[in-house]
Structures are given as structure tokens and as C-alpha cells.
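Colleague: Sharing query_18.cif below, mmCIF, C-alpha atoms, pLDDT in the B column; chains and numbers go by the auth columns:
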data_upload
loop_
_atom_site.group_PDB
_atom_site.id
_atom_site.type_symbol
_atom_site.label_atom_id
_atom_site.label_comp_id
_atom_site.label_asym_id
_atom_site.label_seq_id
_atom_site.Cartn_x
_atom_site.Cartn_y
_atom_site.Cartn_z
_atom_site.B_iso_or_equiv
_atom_site.auth_seq_id
_atom_site.auth_asym_id
ATOM 1 C CA MET A 1 88.473 102.686 114.985 53.00 1 A
ATOM 2 C CA VAL A 2 90.197 100.316 117.426 47.00 2 A
ATOM 3 C CA ALA A 3 87.560 97.660 116.823 50.00 3 A
ATOM 4 C CA ARG A 4 88.017 97.977 113.062 56.00 4 A
ATOM 5 C CA LEU A 5 91.789 97.658 113.383 49.00 5 A
ATOM 6 C CA ARG A 6 91.363 94.539 115.480 55.00 6 A
ATOM 7 C CA LEU A 7 89.030 93.106 112.843 52.00 7 A
ATOM 8 C CA VAL A 8 91.593 93.767 110.095 50.00 8 A
ATOM 9 C CA GLN A 9 94.364 92.256 112.207 54.00 9 A
ATOM 10 C CA ALA A 10 92.225 89.188 112.884 55.00 10 A
ATOM 11 C CA ARG A 11 91.760 88.694 109.141 61.00 11 A
ATOM 12 C CA VAL A 12 95.372 89.341 108.165 63.00 12 A
ATOM 13 C CA LEU A 13 96.916 87.614 111.197 67.00 13 A
ATOM 14 C CA PRO A 14 94.385 84.932 112.160 69.00 14 A
ATOM 15 C CA HIS A 15 96.823 83.358 114.635 68.00 15 A
ATOM 16 C CA GLY A 16 98.910 86.370 115.554 70.00 16 A
ATOM 17 C CA TRP A 17 102.445 87.471 114.720 77.00 17 A
ATOM 18 C CA LEU A 18 104.058 84.418 116.298 83.00 18 A
ATOM 19 C CA ASP A 19 102.470 82.129 113.745 78.00 19 A
ATOM 20 C CA VAL A 20 103.631 84.385 110.900 82.00 20 A
ATOM 21 C CA VAL A 21 107.182 84.250 112.256 83.00 21 A
ATOM 22 C CA ARG A 22 106.927 80.472 112.496 82.00 22 A
ATOM 23 C CA GLN A 23 106.024 80.165 108.806 78.00 23 A
ATOM 24 C CA ILE A 24 108.849 82.504 107.802 84.00 24 A
ATOM 25 C CA VAL A 25 111.319 80.426 109.811 86.00 25 A
ATOM 26 C CA LEU A 26 110.128 77.217 108.160 83.00 26 A
ATOM 27 C CA PHE A 27 110.539 78.612 104.666 78.00 27 A
ATOM 28 C CA GLY A 28 113.861 80.124 105.732 81.00 28 A
ATOM 29 C CA ALA A 29 115.035 76.667 106.778 82.00 29 A
ATOM 30 C CA ALA A 30 114.143 75.399 103.299 76.00 30 A
ATOM 31 C CA TYR A 31 116.234 78.205 101.820 73.00 31 A
ATOM 32 C CA LEU A 32 119.205 77.234 103.998 77.00 32 A
ATOM 33 C CA GLY A 33 118.828 73.668 102.793 74.00 33 A
ATOM 34 C CA TYR A 34 118.896 74.931 99.235 67.00 34 A
ATOM 35 C CA ASN A 35 122.135 76.765 99.943 65.00 35 A
ATOM 36 C CA LEU A 36 123.622 73.610 101.437 71.00 36 A
ATOM 37 C CA VAL A 37 122.827 71.607 98.315 67.00 37 A
ATOM 38 C CA ARG A 38 124.115 74.467 96.177 59.00 38 A
ATOM 39 C CA GLY A 39 127.478 74.010 97.833 58.00 39 A
ATOM 40 C CA LEU A 40 127.382 70.249 97.407 64.00 40 A
ATOM 41 C CA VAL A 41 126.779 70.381 93.647 61.00 41 A
ATOM 42 C CA GLU A 42 129.253 73.174 92.982 60.00 42 A
ATOM 43 C CA GLY A 43 132.164 71.754 91.056 59.00 43 A
ATOM 44 C CA ARG A 44 130.151 68.825 89.691 74.00 44 A
ATOM 45 C CA THR A 45 129.747 70.445 86.295 84.00 45 A
ATOM 46 C CA SER A 46 130.835 67.390 84.328 88.00 46 A
ATOM 47 C CA ALA A 47 128.327 65.179 86.097 89.00 47 A
ATOM 48 C CA ALA A 48 125.545 67.726 85.551 90.00 48 A
ATOM 49 C CA PHE A 49 126.204 67.825 81.808 94.00 49 A
ATOM 50 C CA GLN A 50 126.459 64.066 81.550 94.00 50 A
ATOM 51 C CA HIS A 51 123.119 63.722 83.316 94.00 51 A
ATOM 52 C CA ALA A 52 121.577 66.176 80.857 95.00 52 A
ATOM 53 C CA ARG A 53 122.882 64.132 77.929 96.00 53 A
ATOM 54 C CA ASP A 54 121.550 60.981 79.565 96.00 54 A
ATOM 55 C CA LEU A 55 118.105 62.565 79.778 96.00 55 A
ATOM 56 C CA ILE A 56 118.254 63.538 76.113 96.00 56 A
ATOM 57 C CA GLN A 57 119.194 59.990 75.166 96.00 57 A
ATOM 58 C CA LEU A 58 116.370 58.578 77.282 96.00 58 A
ATOM 59 C CA GLU A 59 113.848 60.992 75.794 96.00 59 A
ATOM 60 C CA ARG A 60 115.001 60.153 72.286 95.00 60 A
ATOM 61 C CA THR A 61 114.532 56.466 73.075 96.00 61 A
ATOM 62 C CA LEU A 62 111.030 57.200 74.352 95.00 62 A
ATOM 63 C CA HIS A 63 110.327 59.563 71.416 94.00 63 A
ATOM 64 C CA LEU A 64 109.794 62.435 73.857 92.00 64 A
ATOM 65 C CA PHE A 65 112.646 64.691 72.802 94.00 65 A
ATOM 66 C CA VAL A 66 110.594 67.519 71.297 95.00 66 A
ATOM 67 C CA GLU A 67 112.031 70.389 73.368 95.00 67 A
ATOM 68 C CA PRO A 68 114.058 71.939 70.487 95.00 68 A
ATOM 69 C CA SER A 69 110.949 71.947 68.292 94.00 69 A
ATOM 70 C CA VAL A 70 108.819 73.493 71.037 95.00 70 A
ATOM 71 C CA GLN A 71 111.308 76.290 71.617 94.00 71 A
ATOM 72 C CA ALA A 72 111.779 76.855 67.899 93.00 72 A
ATOM 73 C CA TRP A 73 108.008 77.216 67.506 94.00 73 A
ATOM 74 C CA ALA A 74 107.689 79.554 70.505 92.00 74 A
ATOM 75 C CA SER A 75 110.626 81.638 69.249 90.00 75 A
ATOM 76 C CA GLY A 76 108.535 82.579 66.238 90.00 76 A
ATOM 77 C CA SER A 77 106.678 85.028 68.473 90.00 77 A
ATOM 78 C CA HIS A 78 108.730 87.641 70.309 89.00 78 A
ATOM 79 C CA VAL A 79 105.763 88.406 72.572 92.00 79 A
ATOM 80 C CA LEU A 80 105.272 84.745 73.471 93.00 80 A
ATOM 81 C CA MET A 81 108.948 84.245 74.308 92.00 81 A
ATOM 82 C CA ASP A 82 109.115 87.387 76.416 90.00 82 A
ATOM 83 C CA PHE A 83 105.950 86.360 78.279 93.00 83 A
ATOM 84 C CA SER A 84 107.272 82.836 78.819 92.00 84 A
ATOM 85 C CA SER A 85 110.596 84.148 80.094 90.00 85 A
ATOM 86 C CA TRP A 86 108.865 86.623 82.412 92.00 86 A
ATOM 87 C CA LEU A 87 106.571 83.920 83.756 93.00 87 A
ATOM 88 C CA TYR A 88 109.479 81.547 84.310 92.00 88 A
ATOM 89 C CA VAL A 89 111.310 84.151 86.405 89.00 89 A
ATOM 90 C CA ASN A 90 108.237 85.088 88.446 89.00 90 A
ATOM 91 C CA ALA A 91 106.476 81.747 88.849 90.00 91 A
ATOM 92 C CA GLN A 92 108.699 80.577 91.701 85.00 92 A
ATOM 93 C CA THR A 93 109.011 83.992 93.329 84.00 93 A
ATOM 94 C CA SER A 94 106.299 86.636 93.221 89.00 94 A
ATOM 95 C CA ILE A 95 103.450 84.413 91.980 92.00 95 A
ATOM 96 C CA THR A 96 104.054 81.565 94.422 91.00 96 A
ATOM 97 C CA LEU A 97 104.725 83.956 97.296 90.00 97 A
ATOM 98 C CA ALA A 98 101.553 85.933 96.543 93.00 98 A
ATOM 99 C CA ALA A 99 99.543 82.712 96.360 93.00 99 A
ATOM 100 C CA LEU A 100 100.875 81.521 99.719 92.00 100 A
ATOM 101 C CA ILE A 101 100.122 84.879 101.343 91.00 101 A
ATOM 102 C CA TYR A 102 96.623 84.795 99.871 92.00 102 A
ATOM 103 C CA LEU A 103 96.046 81.304 101.228 91.00 103 A
ATOM 104 C CA TYR A 104 97.337 82.325 104.643 90.00 104 A
ATOM 105 C CA VAL A 105 95.131 85.413 104.854 88.00 105 A
ATOM 106 C CA ARG A 106 91.955 84.307 103.067 88.00 106 A
ATOM 107 C CA HIS A 107 91.978 80.515 103.500 88.00 107 A
ATOM 108 C CA ASN A 108 94.071 80.003 106.578 87.00 108 A
ATOM 109 C CA GLY A 109 92.383 76.698 107.351 86.00 109 A
ATOM 110 C CA SER A 110 93.933 75.238 104.200 90.00 110 A
ATOM 111 C CA PHE A 111 97.283 77.038 104.266 91.00 111 A
ATOM 112 C CA TYR A 112 99.051 74.562 106.548 91.00 112 A
ATOM 113 C CA PHE A 113 98.230 71.616 104.291 94.00 113 A
ATOM 114 C CA VAL A 114 99.770 73.503 101.350 94.00 114 A
ATOM 115 C CA ARG A 115 102.748 74.493 103.483 92.00 115 A
ATOM 116 C CA ASN A 116 103.340 70.849 104.382 93.00 116 A
ATOM 117 C CA MET A 117 103.155 69.904 100.712 94.00 117 A
ATOM 118 C CA PHE A 118 105.847 72.449 99.895 93.00 118 A
ATOM 119 C CA ALA A 119 108.028 71.221 102.766 91.00 119 A
ATOM 120 C CA ILE A 120 107.857 67.628 101.531 93.00 120 A
ATOM 121 C CA ALA A 121 108.408 68.659 97.911 93.00 121 A
ATOM 122 C CA MET A 122 111.445 70.757 98.822 90.00 122 A
ATOM 123 C CA LEU A 123 112.965 67.828 100.704 90.00 123 A
ATOM 124 C CA ILE A 124 112.471 65.543 97.696 92.00 124 A
ATOM 125 C CA ALA A 125 113.859 68.191 95.348 90.00 125 A
ATOM 126 C CA LEU A 126 116.936 68.825 97.473 88.00 126 A
ATOM 127 C CA ILE A 127 117.716 65.114 97.457 90.00 127 A
ATOM 128 C CA GLY A 128 117.281 65.093 93.686 90.00 128 A
ATOM 129 C CA TYR A 129 119.554 68.105 93.201 88.00 129 A
ATOM 130 C CA ALA A 130 122.259 66.576 95.382 86.00 130 A
ATOM 131 C CA VAL A 131 122.134 63.068 93.897 89.00 131 A
ATOM 132 C CA PHE A 132 121.379 63.955 90.286 91.00 132 A
ATOM 133 C CA PRO A 133 122.577 67.506 89.414 91.00 133 A
ATOM 134 C CA THR A 134 121.512 68.222 85.862 92.00 134 A
ATOM 135 C CA ALA A 135 122.362 71.011 83.432 91.00 135 A
ATOM 136 C CA PRO A 136 119.325 72.678 81.858 93.00 136 A
ATOM 137 C CA PRO A 137 118.739 72.474 78.078 94.00 137 A
ATOM 138 C CA ARG A 138 119.813 76.106 77.604 93.00 138 A
ATOM 139 C CA PHE A 139 123.387 75.052 78.429 93.00 139 A
ATOM 140 C CA LEU A 140 123.347 72.783 75.389 93.00 140 A
ATOM 141 C CA PRO A 141 123.330 75.097 72.338 92.00 141 A
ATOM 142 C CA GLU A 142 124.568 72.222 70.164 92.00 142 A
ATOM 143 C CA TRP A 143 120.993 70.921 70.271 92.00 143 A
ATOM 144 C CA GLY A 144 119.620 74.252 69.099 89.00 144 A
ATOM 145 C CA PHE A 145 118.607 75.657 72.481 92.00 145 A
ATOM 146 C CA ILE A 146 118.767 79.375 73.309 88.00 146 A
ATOM 147 C CA ASP A 147 118.687 81.107 76.685 86.00 147 A
ATOM 148 C CA SER A 148 115.600 83.299 76.363 80.00 148 A
ATOM 149 C CA VAL A 149 115.462 84.162 80.079 75.00 149 A
ATOM 150 C CA SER A 150 118.963 85.672 80.010 74.00 150 A
ATOM 151 C CA ASP A 151 118.042 87.582 76.870 61.00 151 A
ATOM 152 C CA LEU A 152 115.101 89.099 78.752 58.00 152 A
ATOM 153 C CA THR A 153 116.780 89.792 82.110 54.00 153 A
ATOM 154 C CA GLY A 154 120.302 90.488 80.893 52.00 154 A
ATOM 155 C CA MET A 155 121.629 88.017 83.495 49.00 155 A
ATOM 156 C CA HIS A 156 123.791 85.532 81.634 47.00 156 A
ATOM 157 C CA VAL A 157 124.851 82.477 83.614 45.00 157 A
ATOM 158 C CA SER A 158 126.987 80.110 81.613 46.00 158 A
ATOM 159 C CA HIS A 159 128.429 76.738 82.476 43.00 159 A
ATOM 160 C CA ALA A 160 131.853 78.124 81.615 43.00 160 A
ATOM 161 C CA SER A 161 131.743 80.447 84.602 43.00 161 A
ATOM 162 C CA ALA A 162 129.754 77.931 86.695 42.00 162 A
ATOM 163 C CA SER A 163 128.568 80.905 88.727 42.00 163 A
ATOM 164 C CA MET A 164 126.131 80.056 91.472 41.00 164 A
ATOM 165 C CA THR A 165 124.566 82.858 93.402 47.00 165 A
ATOM 166 C CA ALA A 166 122.778 82.599 96.713 44.00 166 A
ATOM 167 C CA LEU A 167 119.451 82.542 94.898 48.00 167 A
ATOM 168 C CA PHE A 168 120.323 80.402 91.923 58.00 168 A
ATOM 169 C CA ASN A 169 121.541 76.887 91.277 67.00 169 A
ATOM 170 C CA PRO A 170 121.888 76.337 87.508 76.00 170 A
ATOM 171 C CA TYR A 171 122.019 72.563 87.934 82.00 171 A
ATOM 172 C CA ALA A 172 118.773 72.205 89.914 79.00 172 A
ATOM 173 C CA ALA A 173 116.731 70.771 87.056 81.00 173 A
ATOM 174 C CA VAL A 174 115.547 67.381 88.314 89.00 174 A
ATOM 175 C CA PRO A 175 112.809 67.479 89.436 93.00 175 A
ATOM 176 C CA SER A 176 111.226 70.664 88.104 93.00 176 A
ATOM 177 C CA MET A 177 110.022 72.603 91.126 92.00 177 A
ATOM 178 C CA HIS A 178 108.341 75.026 88.741 94.00 178 A
ATOM 179 C CA VAL A 179 105.898 72.293 87.774 96.00 179 A
ATOM 180 C CA ALA A 180 105.641 70.904 91.299 95.00 180 A
ATOM 181 C CA GLY A 181 105.005 74.373 92.709 94.00 181 A
ATOM 182 C CA ALA A 182 102.431 75.183 90.031 96.00 182 A
ATOM 183 C CA LEU A 183 100.501 72.021 90.897 97.00 183 A
ATOM 184 C CA MET A 184 100.740 72.650 94.637 96.00 184 A
ATOM 185 C CA ILE A 185 99.396 76.170 94.129 95.00 185 A
ATOM 186 C CA GLY A 186 97.060 75.582 91.208 95.00 186 A
ATOM 187 C CA TRP A 187 95.169 72.641 92.686 93.00 187 A
ATOM 188 C CA PRO A 188 94.336 74.278 96.074 94.00 188 A
ATOM 189 C CA LEU A 189 93.379 77.613 94.524 94.00 189 A
ATOM 190 C CA ALA A 190 91.216 75.878 91.933 92.00 190 A
ATOM 191 C CA SER A 191 89.469 73.972 94.719 91.00 191 A
ATOM 192 C CA LEU A 192 88.962 77.142 96.764 91.00 192 A
ATOM 193 C CA SER A 193 87.924 79.394 93.868 89.00 193 A
ATOM 194 C CA ARG A 194 84.478 80.884 94.127 86.00 194 A
ATOM 195 C CA THR A 195 84.021 81.301 90.378 89.00 195 A
ATOM 196 C CA ARG A 196 84.156 78.651 87.681 91.00 196 A
ATOM 197 C CA VAL A 197 86.429 80.780 85.504 93.00 197 A
ATOM 198 C CA ALA A 198 89.008 81.183 88.259 91.00 198 A
ATOM 199 C CA GLY A 199 88.884 77.460 88.950 91.00 199 A
ATOM 200 C CA ILE A 200 89.517 76.622 85.304 94.00 200 A
ATOM 201 C CA LEU A 201 92.385 79.107 85.047 95.00 201 A
ATOM 202 C CA TRP A 202 94.132 77.712 88.115 95.00 202 A
ATOM 203 C CA ARG A 203 93.712 74.167 86.790 95.00 203 A
ATOM 204 C CA LEU A 204 95.352 75.254 83.538 96.00 204 A
ATOM 205 C CA TYR A 205 98.189 77.047 85.339 96.00 205 A
ATOM 206 C CA PRO A 206 100.389 73.925 85.784 97.00 206 A
ATOM 207 C CA LEU A 207 100.043 73.125 82.073 96.00 207 A
ATOM 208 C CA LEU A 208 101.077 76.678 81.222 96.00 208 A
ATOM 209 C CA ILE A 209 104.131 76.411 83.459 97.00 209 A
ATOM 210 C CA ALA A 210 105.043 73.064 81.890 96.00 210 A
ATOM 211 C CA PHE A 211 105.004 74.752 78.488 96.00 211 A
ATOM 212 C CA VAL A 212 107.016 77.716 79.793 96.00 212 A
ATOM 213 C CA ILE A 213 109.862 75.664 81.271 95.00 213 A
ATOM 214 C CA VAL A 214 110.268 73.797 77.974 96.00 214 A
ATOM 215 C CA ALA A 215 109.856 76.842 75.733 95.00 215 A
ATOM 216 C CA THR A 216 112.520 78.738 77.691 94.00 216 A
ATOM 217 C CA ALA A 217 114.886 75.721 77.610 93.00 217 A
ATOM 218 C CA ASN A 218 115.136 75.539 81.387 93.00 218 A
ATOM 219 C CA HIS A 219 113.839 71.997 81.778 94.00 219 A
ATOM 220 C CA PHE A 220 113.371 68.781 79.882 95.00 220 A
ATOM 221 C CA ILE A 221 109.984 67.095 79.623 96.00 221 A
ATOM 222 C CA LEU A 222 111.179 64.384 81.983 96.00 222 A
ATOM 223 C CA ASP A 223 112.016 67.112 84.517 95.00 223 A
ATOM 224 C CA ALA A 224 108.405 68.269 84.295 96.00 224 A
ATOM 225 C CA LEU A 225 107.046 64.741 84.723 96.00 225 A
ATOM 226 C CA LEU A 226 109.263 64.188 87.753 96.00 226 A
ATOM 227 C CA GLY A 227 108.107 67.543 89.122 96.00 227 A
ATOM 228 C CA ALA A 228 104.491 66.404 88.778 97.00 228 A
ATOM 229 C CA LEU A 229 105.393 63.146 90.519 97.00 229 A
ATOM 230 C CA THR A 230 107.024 65.144 93.318 97.00 230 A
ATOM 231 C CA ALA A 231 103.820 67.135 93.770 97.00 231 A
ATOM 232 C CA GLY A 232 101.788 63.932 93.853 96.00 232 A
ATOM 233 C CA VAL A 233 104.004 62.370 96.513 97.00 233 A
ATOM 234 C CA SER A 234 103.789 65.605 98.496 96.00 234 A
ATOM 235 C CA VAL A 235 99.989 65.512 98.453 96.00 235 A
ATOM 236 C CA VAL A 236 100.034 61.967 99.816 96.00 236 A
ATOM 237 C CA GLY A 237 102.596 62.981 102.436 95.00 237 A
ATOM 238 C CA ALA A 238 100.601 66.032 103.528 94.00 238 A
ATOM 239 C CA ARG A 239 97.489 63.887 103.885 94.00 239 A
ATOM 240 C CA ARG A 240 99.407 61.458 106.067 93.00 240 A
ATOM 241 C CA LEU A 241 100.672 64.315 108.219 92.00 241 A
ATOM 242 C CA ALA A 242 97.135 65.672 108.540 89.00 242 A
ATOM 243 C CA ARG A 243 96.175 62.499 110.415 89.00 243 A
ATOM 244 C CA PHE A 244 98.336 63.638 113.314 89.00 244 A
ATOM 245 C CA ARG A 245 96.766 67.107 113.532 87.00 245 A
ATOM 246 C CA PRO A 246 93.514 66.980 111.537 84.00 246 A
ATOM 247 C CA ALA A 247 92.172 70.194 113.024 79.00 247 A
ATOM 248 C CA ALA A 248 95.230 72.153 111.938 79.00 248 A
ATOM 249 C CA TRP A 249 96.761 70.414 108.918 82.00 249 A
ATOM 250 C CA ARG A 250 93.851 69.130 106.863 84.00 250 A
ATOM 251 C CA PHE A 251 92.888 70.791 103.592 84.00 251 A
ATOM 252 C CA SER A 252 89.676 72.659 104.231 77.00 252 A
ATOM 253 C CA PRO A 253 88.317 76.135 103.454 59.00 253 A
ATOM 254 C CA ALA A 254 86.889 76.216 106.969 47.00 254 A
ATOM 255 C CA PRO A 255 89.005 77.923 109.674 46.00 255 A
ATOM 256 C CA ALA A 256 91.390 75.589 111.422 42.00 256 A
ATOM 257 C CA GLY A 257 93.966 75.796 114.168 45.00 257 A
ATOM 258 C CA ALA A 258 97.443 77.142 113.641 49.00 258 A
ATOM 259 C CA GLY A 259 100.208 74.859 112.397 54.00 259 A
#
Show me, as C-alpha cells, the structure contained in the file I just sent.

Modeller:
Amino acid sequence: MVARLRLVQARVLPHGWLDVVRQIVLFGAAYLGYNLVRGLVEGRTSAAFQHARDLIQLERTLHLFVEPSVQAWASGSHVLMDFSSWLYVNAQTSITLAALIYLYVRHNGSFYFVRNMFAIAMLIALIGYAVFPTAPPRFLPEWGFIDSVSDLTGMHVSHASASMTALFNPYAAVPSMHVAGALMIGWPLASLSRTRVAGILWRLYPLLIAFVIVATANHFILDALLGALTAGVSVVGARRLARFRPAAWRFSPAPAGAG
């Protein structure tokens, strides 16, 4: 029995409790940074709305402003809108958290590379949120947008109240961390998948999230593109970091040292 418990612990905690605590602290530091930026952008409502209008104008110039049409089409199906809203709420919380835990437990040798990607992406995103706070499309009903997520959850956050909770910054739109996170989770899991079907599904996951953020009027297309760019920069950054500790920080399904 003792030997079996030690085997389970070795699989679940490949580097012991201290390493688990270290990862929690790192992600906790990212959360504190988010709170700091939340305080910086509070009160900059006018700037956030002007930035949103600037994005609309730019997309119209580039013939990319199709978000109202996408949401109008998706709204034709109650099931599709409810699913999209549910996925939007859970993509950055339960799904991403579950994926990170899975990577830590089952592919620990690759977890630290993914962790470093997220750290770099969060730093880029926090700079973006502080420098360029942007209101999401759902705050612009004059363009035909509706807030499907609030309709599903019953949590209505309007720009009139400018309410910002500890877990929510309504002006954190540029870049889209939903898309960045989906790429930083989808690509590693697709690469590590043992079945072709699972690999295909994880490769399609970022595209699904890109559709969801537009269909729910939480991001513009340019937000999604900048989110993808953020993920790309983070991959390059994580590869550079891996040069310093290749045994611990490289992306590999083989067991590696703790980060």
C-alpha cells in the first residue's frame, strides 16, 4: 500500500510539493499584476471607448469589420449562443487550469515551457491593457452588439457602472488572452496527443475560441489577431529562455528537471 501511494505521489507530484507551491506562487504573481493594471485603467472609461471606436474605424478601412454580422448569424441559434457564452466564461478558467494541471501531471517535462509562455504572454498583455485599455464590442449596442455572456450568467457589467471586480477587467480587450491562451494550450496538447483525433481537435481549439470571442461580442477581430501575435512572441521567448536551462525548460514529452 505504501509503495503504491508513493508511486501515485511520484506521478502527481513529480518534483514534490515545493515545486507545486512554486508554480502557484508564479501564477499568483501574475494575478497580482492583473490587479495592479486593473487599478491603473479604472477611471479611463473615455479612453477605452475611444480606442474601441478607433479599432472599428481601422477594421472598416481594412474591410474586416464583420463582427456584427457574425454575432447576428450566431444569434439565430439559441444553443450555439449559449454554448459560445459558456465556452467564453470557462476557456480562461476551468479549461485552461485543467489543461495546465494535466500538463504538469502527465507531461511534466513540457509543462515549464508552457508556463514560461504564459508568463511572457501575461506580461505583454498587462502592458497592452495599461497602455491601450479598450472597451469590448458588447459595450457598443449602437453597432448592433448584444451581451450574450451576461444573458447566460445573469452578471451584467455595464460601462455606466464601470464596475471592476477582483476577477474582471472589462477593458482588457487588447490583446485577446482568450486566443493567446487557446494557442498556448492547443498547440502543446496537439503535439503531445497520442491519437490523431485529439491532435486535430486541439489544433482546431484556437479557431473555435476565435469564433467564440467574436460571436459573444467580447473582442474584435484585431484583438484576436493581436492575441495570436502575443502567443507567437511568447513561443519565441520561451525558446530563448530554454537555452539557459534546456534540461528543465525545453518543450519535450520526456521527463525533465523542475523549473

Colleague: Looking at A:Ile101, A:Leu207, A:Ala217, A:Leu123, which one is nearest to Asp147 of chain A, with distances taken over only C-alpha atoms?

Modeller: A:Ala217

Colleague: Evaluate the PyMOL selection byres ((chain A and resi 189) around 12) and record the selected residues as a ChimeraX atom specification, following the chain and residue labels used in the document.

Modeller: /A:96,98-100,102-104,106-107,110-111,114,182-188,190-206,251-253

Colleague: Would you translate the PyMOL selection byres ((chain A and resi 86-92) around 8) into the concrete set of residues it matches in this file, as an mmCIF file with C-alpha atoms, in the coordinates of the input?

Modeller:
data_model
loop_
_atom_site.group_PDB
_atom_site.id
_atom_site.type_symbol
_atom_site.label_atom_id
_atom_site.label_comp_id
_atom_site.auth_asym_id
_atom_site.auth_seq_id
_atom_site.Cartn_x
_atom_site.Cartn_y
_atom_site.Cartn_z
ATOM 1 C CA ASP A 82 109.115 87.387 76.416
ATOM 2 C CA PHE A 83 105.950 86.360 78.279
ATOM 3 C CA SER A 84 107.272 82.836 78.819
ATOM 4 C CA SER A 85 110.596 84.148 80.094
ATOM 5 C CA THR A 93 109.011 83.992 93.329
ATOM 6 C CA SER A 94 106.299 86.636 93.221
ATOM 7 C CA ILE A 95 103.450 84.413 91.980
ATOM 8 C CA THR A 96 104.054 81.565 94.422
ATOM 9 C CA LEU A 97 104.725 83.956 97.296
ATOM 10 C CA VAL A 149 115.462 84.162 80.079
ATOM 11 C CA LEU A 152 115.101 89.099 78.752
ATOM 12 C CA HIS A 178 108.341 75.026 88.741
ATOM 13 C CA GLY A 181 105.005 74.373 92.709
ATOM 14 C CA ALA A 182 102.431 75.183 90.031
ATOM 15 C CA ILE A 209 104.131 76.411 83.459
ATOM 16 C CA VAL A 212 107.016 77.716 79.793
ATOM 17 C CA ILE A 213 109.862 75.664 81.271
ATOM 18 C CA THR A 216 112.520 78.738 77.691
#

Colleague: Give me, please, the distance in Å between atom CA of Phe49 of chain A and atom CA of Asp223 of chain A, quoted to one decimal.

Modeller: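 Taking atom CA of Phe49 of chain A and atom CA of Asp223 of chain A, their separation equals 14.5 Å.
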
Colleague: Can you work out the spacing between atom CA of Gly237 of chain A and atom CA of Ala121 of chain A in Å, to one decimal?

Modeller: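 Here the two named atoms are 9.3 Å from each other.
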
Colleague: Residues of segment 64-157 of chain A that have any atom at most 10 Å from an atom of segment 227-233 of chain A: could you tabulate them with the shortest-distance atom pair and the distance in Å to one decimal, using all atoms listed in the file, ordered by chain and increasing number, as a Markdown table?

Modeller:
| residue | atom | partner | partner_atom | distance |
| --- | --- | --- | --- | --- |
| A:Met117 | CA | A:Ala231 | CA | 7.5 |
| A:Phe118 | CA | A:Ala231 | CA | 8.4 |
| A:Ile120 | CA | A:Val233 | CA | 8.2 |
| A:Ala121 | CA | A:Thr230 | CA | 5.9 |
| A:Met122 | CA | A:Thr230 | CA | 9.0 |
| A:Leu123 | CA | A:Thr230 | CA | 9.9 |
| A:Ile124 | CA | A:Thr230 | CA | 7.0 |
| A:Ala125 | CA | A:Thr230 | CA | 7.8 |

Colleague: Can you work out which one of A:Tyr112, A:Trp17, A:Trp73, A:Phe132 has the shortest atom-to-atom distance to Arg245 of chain A, counting all atoms listed in the file?

Modeller: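 Distance minimum relative to Arg245 of chain A lands on A:Tyr112.
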
Colleague: Mind giving me the straight-line distance from atom CA of Leu26 of chain A to atom CA of Asn116 of chain A in Å, one decimal?

Modeller: 10.0 Å

Colleague: Rank nothing, just name the residue among A:Ala29, A:Ala48, A:Ala119, A:Val20 nearest to Leu241 of chain A, using all atoms listed in the file.

Modeller: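 With all atoms listed in the file as the atom set, the closest residue is A:Ala119.
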
Colleague: Nearest residue to Gly16 of chain A out of A:Ala248, A:Leu36, A:Ala74, A:Val105, using only C-alpha atoms?

Modeller: A:Val105

Colleague: Dump N, CA and C atoms of segment 73-86 of chain A from the given block, as a PDB file, in the first residue's frame.

Modeller:
ATOM      1  N   TRP A  73     -25.516  36.242 -37.035  1.00  0.00           N
ATOM      2  CA  TRP A  73     -25.682  34.867 -37.541  1.00  0.00           C
ATOM      3  C   TRP A  73     -25.727  33.867 -36.388  1.00  0.00           C
ATOM      4  N   ALA A  74     -24.790  33.988 -35.437  1.00  0.00           N
ATOM      5  CA  ALA A  74     -24.751  33.059 -34.312  1.00  0.00           C
ATOM      6  C   ALA A  74     -26.004  33.173 -33.445  1.00  0.00           C
ATOM      7  N   SER A  75     -26.564  34.378 -33.358  1.00  0.00           N
ATOM      8  CA  SER A  75     -27.756  34.593 -32.534  1.00  0.00           C
ATOM      9  C   SER A  75     -28.974  33.870 -33.082  1.00  0.00           C
ATOM     10  N   GLY A  76     -28.889  33.400 -34.313  1.00  0.00           N
ATOM     11  CA  GLY A  76     -30.003  32.651 -34.882  1.00  0.00           C
ATOM     12  C   GLY A  76     -30.198  31.306 -34.228  1.00  0.00           C
ATOM     13  N   SER A  77     -29.197  30.849 -33.491  1.00  0.00           N
ATOM     14  CA  SER A  77     -29.287  29.564 -32.784  1.00  0.00           C
ATOM     15  C   SER A  77     -29.093  29.809 -31.293  1.00  0.00           C
ATOM     16  N   HIS A  78     -30.132  29.559 -30.521  1.00  0.00           N
ATOM     17  CA  HIS A  78     -30.048  29.745 -29.069  1.00  0.00           C
ATOM     18  C   HIS A  78     -29.004  28.801 -28.469  1.00  0.00           C
ATOM     19  N   VAL A  79     -28.952  27.573 -28.984  1.00  0.00           N
ATOM     20  CA  VAL A  79     -27.991  26.593 -28.478  1.00  0.00           C
ATOM     21  C   VAL A  79     -26.562  27.052 -28.754  1.00  0.00           C
ATOM     22  N   LEU A  80     -26.322  27.545 -29.969  1.00  0.00           N
ATOM     23  CA  LEU A  80     -24.980  27.991 -30.331  1.00  0.00           C
ATOM     24  C   LEU A  80     -24.533  29.166 -29.473  1.00  0.00           C
ATOM     25  N   MET A  81     -25.436  30.125 -29.221  1.00  0.00           N
ATOM     26  CA  MET A  81     -25.067  31.274 -28.415  1.00  0.00           C
ATOM     27  C   MET A  81     -24.827  30.890 -26.966  1.00  0.00           C
ATOM     28  N   ASP A  82     -25.635  30.006 -26.437  1.00  0.00           N
ATOM     29  CA  ASP A  82     -25.422  29.554 -25.060  1.00  0.00           C
ATOM     30  C   ASP A  82     -24.096  28.805 -24.938  1.00  0.00           C
ATOM     31  N   PHE A  83     -23.803  27.954 -25.926  1.00  0.00           N
ATOM     32  CA  PHE A  83     -22.534  27.212 -25.905  1.00  0.00           C
ATOM     33  C   PHE A  83     -21.359  28.169 -26.009  1.00  0.00           C
ATOM     34  N   SER A  84     -21.455  29.139 -26.911  1.00  0.00           N
ATOM     35  CA  SER A  84     -20.375  30.111 -27.084  1.00  0.00           C
ATOM     36  C   SER A  84     -20.146  30.914 -25.817  1.00  0.00           C
ATOM     37  N   SER A  85     -21.231  31.327 -25.182  1.00  0.00           N
ATOM     38  CA  SER A  85     -21.125  32.105 -23.945  1.00  0.00           C
ATOM     39  C   SER A  85     -20.513  31.262 -22.832  1.00  0.00           C
ATOM     40  N   TRP A  86     -20.955  30.006 -22.736  1.00  0.00           N
ATOM     41  CA  TRP A  86     -20.397  29.103 -21.721  1.00  0.00           C
ATOM     42  C   TRP A  86     -18.912  28.886 -21.951  1.00  0.00           C
TER      43      TRP A  86
END
